[in-house]
Structure formats: structure tokens, C-alpha cells
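Printed here is final.txt (compact mmCIF, C-alpha atoms):
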```txt
# COMPACT_ATOMS: atom_id res chain seq x y z
CA MET A 67 0.00 0.00 0.00
CA THR A 68 1.46 3.37 -0.97
CA THR A 69 0.98 6.50 1.07
CA THR A 70 -1.51 7.76 -1.51
CA ASP A 71 -3.64 4.64 -0.85
CA ILE A 72 -3.93 5.44 2.86
CA PRO A 73 -7.27 7.09 3.65
CA HIS A 74 -7.18 10.59 5.11
CA VAL A 75 -9.34 11.41 8.11
CA THR A 76 -9.76 14.80 9.77
CA ILE A 77 -10.72 14.71 13.44
CA TYR A 78 -11.91 17.50 15.71
CA SER A 79 -11.95 16.57 19.40
CA ASP A 80 -12.92 18.28 22.64
CA GLY A 81 -13.40 17.56 26.31
CA ALA A 82 -15.42 19.32 28.99
CA CYS A 83 -15.84 19.10 32.74
CA LYS A 84 -18.24 20.45 35.38
CA GLY A 85 -15.84 20.87 38.23
CA ASN A 86 -12.24 19.84 37.85
CA PRO A 87 -12.39 17.07 38.92
CA GLY A 88 -16.07 16.47 38.31
CA LYS A 89 -18.50 15.08 35.79
CA GLY A 90 -16.85 15.16 32.39
CA SER A 91 -17.60 14.56 28.76
CA TRP A 92 -15.75 14.15 25.50
CA ALA A 93 -16.73 14.46 21.85
CA ALA A 94 -15.23 14.12 18.40
CA VAL A 95 -16.20 14.55 14.79
CA LEU A 96 -14.45 12.35 12.25
CA LEU A 97 -14.46 13.47 8.62
CA PHE A 98 -13.67 10.62 6.24
CA GLU A 99 -12.60 11.88 2.83
CA LYS A 100 -14.35 10.04 -0.01
CA GLU A 101 -14.29 10.59 -3.76
CA ASP A 102 -17.83 11.95 -3.64
CA GLY A 103 -17.31 14.17 -0.56
CA ALA A 104 -16.70 13.73 3.15
CA VAL A 105 -18.59 11.40 5.46
CA GLU A 106 -19.04 12.65 9.03
CA LYS A 107 -19.23 10.58 12.18
CA GLU A 108 -20.00 12.15 15.57
CA ILE A 109 -19.15 10.43 18.85
CA SER A 110 -19.37 11.48 22.49
CA GLY A 111 -19.46 10.10 26.00
CA ILE A 112 -19.33 10.95 29.71
CA ARG A 113 -17.31 10.03 32.80
CA MET A 114 -18.42 10.71 36.36
CA HIS A 115 -15.22 11.68 38.23
CA THR A 116 -12.61 13.06 35.89
CA THR A 117 -10.69 16.15 34.82
CA ASN A 118 -10.80 18.40 31.80
CA ASN A 119 -7.41 17.15 30.59
CA GLN A 120 -8.52 13.53 30.92
CA MET A 121 -11.56 14.30 28.80
CA GLU A 122 -9.46 16.07 26.15
CA LEU A 123 -7.23 12.99 25.94
CA THR A 124 -10.19 10.61 25.96
CA ALA A 125 -11.77 12.45 23.01
CA ALA A 126 -8.62 11.94 20.92
CA VAL A 127 -8.28 8.29 22.01
CA GLU A 128 -11.93 7.44 21.32
CA ALA A 129 -11.80 9.08 17.89
CA LEU A 130 -8.64 7.23 16.84
CA GLN A 131 -10.09 3.95 18.13
CA CYS A 132 -12.93 4.32 15.60
CA LEU A 133 -10.50 3.90 12.70
CA LYS A 134 -10.63 0.37 11.32
CA GLN A 135 -7.50 0.59 9.14
CA ARG A 136 -4.28 2.61 9.02
CA CYS A 137 -5.10 6.23 8.19
CA LYS A 138 -3.38 9.54 7.71
CA VAL A 139 -5.00 11.70 10.38
CA THR A 140 -5.08 15.41 11.07
CA LEU A 141 -6.40 15.81 14.60
CA TYR A 142 -7.53 19.31 15.57
CA SER A 143 -7.83 20.19 19.24
CA ASP A 144 -8.18 23.39 21.20
CA SER A 145 -6.21 21.71 23.99
CA ALA A 146 -2.69 23.13 24.25
CA TYR A 147 -2.01 20.24 26.65
CA ILE A 148 -2.39 17.68 23.85
CA VAL A 149 -1.05 19.63 20.89
CA ASN A 150 2.03 20.94 22.72
CA ALA A 151 2.84 17.46 24.06
CA PHE A 152 3.41 16.35 20.48
CA GLN A 153 4.52 19.53 18.70
CA GLN A 154 6.95 20.58 21.43
CA HIS A 155 8.10 16.97 22.06
CA TRP A 156 7.08 16.91 25.71
CA ILE A 157 5.92 13.33 25.26
CA THR A 158 9.32 12.25 23.92
CA ASN A 159 11.01 13.84 26.91
CA TRP A 160 8.55 12.23 29.34
CA GLN A 161 9.28 8.80 27.90
CA ARG A 162 13.04 9.36 27.94
CA ASN A 163 12.79 10.49 31.59
CA GLY A 164 10.77 7.46 32.73
CA TRP A 165 7.44 9.29 32.50
CA LYS A 166 8.64 12.14 34.69
CA THR A 167 8.19 15.83 33.95
CA LYS A 168 11.16 18.20 33.82
CA THR A 169 10.47 18.89 37.52
CA LYS A 170 10.80 15.12 38.19
CA GLU A 171 7.08 14.74 38.98
CA PRO A 172 5.19 11.77 37.53
CA VAL A 173 3.37 12.67 34.31
CA LYS A 174 -0.35 12.98 34.97
CA ASN A 175 -2.68 10.81 32.89
CA ARG A 176 0.13 8.49 31.86
CA GLU A 177 -2.22 5.61 30.91
CA LEU A 178 -4.18 7.85 28.55
CA TRP A 179 -0.96 9.21 27.03
CA GLU A 180 0.33 5.66 26.48
CA THR A 181 -2.93 4.63 24.82
CA LEU A 182 -2.79 7.71 22.60
CA LEU A 183 0.81 6.92 21.66
CA ASP A 184 -0.14 3.34 20.72
CA LEU A 185 -2.88 4.69 18.46
CA CYS A 186 -0.47 7.19 16.91
CA ASP A 187 1.84 4.26 16.10
CA ARG A 188 -1.01 2.60 14.18
CA HIS A 189 -1.82 5.75 12.21
CA ASP A 190 0.06 8.69 10.71
CA VAL A 191 -1.25 11.39 13.07
CA THR A 192 -0.55 15.11 12.91
CA PHE A 193 -1.83 17.23 15.80
CA ALA A 194 -2.97 20.77 15.03
CA LYS A 195 -4.07 23.52 17.41
CA VAL A 196 -7.37 25.22 16.74
CA LYS A 197 -8.46 28.27 18.70
CA GLY A 198 -11.45 27.48 20.89
CA HIS A 199 -14.69 29.45 20.60
CA ALA A 200 -13.42 31.24 17.49
CA GLY A 201 -16.13 30.22 15.04
CA VAL A 202 -14.35 27.17 13.55
CA HIS A 203 -17.36 25.08 12.51
CA TYR A 204 -16.26 21.60 13.59
CA ASN A 205 -14.53 22.82 16.73
CA GLU A 206 -17.77 24.55 17.72
CA ARG A 207 -19.64 21.32 16.92
CA VAL A 208 -17.49 19.14 19.21
CA ASP A 209 -17.80 21.75 21.95
CA THR A 210 -21.59 21.58 21.59
CA LEU A 211 -21.58 17.76 21.58
CA ALA A 212 -19.40 17.63 24.70
CA ASN A 213 -21.64 20.09 26.53
CA LEU A 214 -24.80 18.24 25.45
CA ALA A 215 -23.34 15.04 26.87
CA LEU A 216 -22.87 16.80 30.22
CA GLU A 217 -26.58 17.62 30.47
```
Written form, C-alpha cells:
Amino acid sequence: MTTTDIPHVTIYSDGACKGNPGKGSWAAVLLFEKEDGAVEKEISGIRMHTTNNQMELTAAVEALQCLKQRCKVTLYSDSAYIVNAFQQHWITNWQRNGWKTKTKEPVKNRELWETLLDLCDRHDVTFAKVKGHAGVHYNERVDTLANLALE
């Protein structure tokens, strides 16, 4: 299979929390590119005792777990926590340092990070930052879906 044969999927993901920790939700929209246009899939869920960062990570994990074959993925998130971890190589440093931060503290949400890394190994994933609440259609949609799940 050549790289041009690999399907491209665009994902927008978001997490929300009432209280931090508190009741949380996650949502994602997957846009599968087809010859005759894009096919959209919306997913969301809730957790009872969680944090906003855990929900942001869960949204990305759940979206990538929906992919049934290797894909080239652009994953948009308004979470600097997720995007910076990959773009600024925090995650590489955490792994090299035995899952410790630069201040020698254990990395929070390690299990979710490891799951996300495993999924990134299965797919060709690029993380991109999108500004939250700035009128970006699909980012607004995942925000709405996450907040609806909280109700």
C-alpha cells in the first residue's frame, strides 16, 4: 500500500468538565474523505469523576479507536495540553525520563498518554491547534456535543 492509498481522516476533538475534577464529557467529529465528498461521524461520552485534561485525551483516544484501518489523520484540538505534548516533544522527553516531567514529577494521565501513543503508532497522526470558541465550525460542533453530553 502506498501513502496515496492510505485514507485521510480529519478529526476534531474536545473535552469538557463540570468541576475539575467532576463530571466530564468528550466528543469528536471524524471526517472521512471520499471521492464523492466527506462522510461525518460524531461520537461522544461521559465520565463521572474526571478532569478536563482527561476528557481532552479521551476524546482523541476514542476518535482514533474508531478507525478500522491505518489512516493519515489530522487531529484538531483546542487543547494546548495535547497539541504541545506532540509539537513541542514533551511526550518524547517524558518517555526518555521514565514518564517524569522536567520537575521530576510523575506525568499525569500516563495511561491515557500511552494509549494515545499506541494509536499514533497505528496511524500517521498530525496534531494541530485550533483556537477554541473562534467560530471554527467543527470545533464549535465538538464543543456543543461535549456540553450536550454533560446535560
Residue with smallest distance to Asn205 in chain A - pool A:Thr181, A:Gln120, A:Ser145, A:Asn150, counting only C-alpha atoms
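For Asn205 in chain A, the nearest of the given residues is A:Ser145.
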Of the residues A:Thr169, A:Ser110, A:Thr210, A:Thr158, which is the one nearest to Ala129 in chain A, using only C-alpha atoms?
A:Ser110
Hey, what's within 7 Å of range 82-92 of chain A if we count all atoms listed in the file and toss same-chain stuff fewer than 6 positions away? As an mmCIF file with C-alpha atoms, keeping the file's coordinate frame, please?
```
data_model
loop_
_atom_site.group_PDB
_atom_site.id
_atom_site.type_symbol
_atom_site.label_atom_id
_atom_site.label_comp_id
_atom_site.auth_asym_id
_atom_site.auth_seq_id
_atom_site.Cartn_x
_atom_site.Cartn_y
_atom_site.Cartn_z
ATOM 1 C CA SER A 110 -19.370 11.480 22.490
ATOM 2 C CA GLY A 111 -19.460 10.100 26.000
ATOM 3 C CA ILE A 112 -19.330 10.950 29.710
ATOM 4 C CA ARG A 113 -17.310 10.030 32.800
ATOM 5 C CA MET A 114 -18.420 10.710 36.360
ATOM 6 C CA HIS A 115 -15.220 11.680 38.230
ATOM 7 C CA THR A 116 -12.610 13.060 35.890
ATOM 8 C CA THR A 117 -10.690 16.150 34.820
ATOM 9 C CA ASN A 118 -10.800 18.400 31.800
ATOM 10 C CA MET A 121 -11.560 14.300 28.800
ATOM 11 C CA GLU A 122 -9.460 16.070 26.150
ATOM 12 C CA THR A 124 -10.190 10.610 25.960
ATOM 13 C CA ALA A 125 -11.770 12.450 23.010
ATOM 14 C CA ALA A 212 -19.400 17.630 24.700
ATOM 15 C CA ASN A 213 -21.640 20.090 26.530
ATOM 16 C CA ALA A 215 -23.340 15.040 26.870
ATOM 17 C CA LEU A 216 -22.870 16.800 30.220
#
```
CA of Asn119 in chain A and CA of Val196 in chain A are how many Å apart?
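Here the two named atoms are 16.0 Å from each other.
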May I have the residues within 12 Å of Val105 in chain A as a PyMOL selection string, using all atoms listed in the file and disregarding those fewer than 5 positions away in the same chain?
chain A and resi 74-77+95-100
Tell me which protein, DNA and RNA residues are within 7 Å of Thr192 in chain A, counting all atoms listed in the file, leaving out same-chain ones fewer than 5 positions away, and put them as a list in words.
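Non-adjacent residues within range: Val139, Thr140 and Leu141 of chain A.
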Could you tell me how far CA of Asp80 in chain A sits from CA of Ala146 in chain A, in Å to one decimal place?
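About the pair CA of Ala146 in chain A and CA of Asp80 in chain A: they are 11.4 Å apart.
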Residue among A:Leu183, A:Ile157, A:Leu214, A:Val191 lying closest to Tyr142 in chain A, counting all atoms listed in the file:
A:Val191
Near Asp71 in chain A, within 12 Å and counting only C-alpha atoms, which residues show up once chain neighbours fewer than 4 positions away are dropped, as a PDB file with C-alpha atoms, in the frame of the given file?
```
ATOM      1  CA  MET A  67       0.000   0.000   0.000  1.00  0.00           C
ATOM      2  CA  GLN A 135      -7.500   0.590   9.140  1.00  0.00           C
ATOM      3  CA  ARG A 136      -4.280   2.610   9.020  1.00  0.00           C
ATOM      4  CA  CYS A 137      -5.100   6.230   8.190  1.00  0.00           C
ATOM      5  CA  LYS A 138      -3.380   9.540   7.710  1.00  0.00           C
TER       6      LYS A 138
END
```
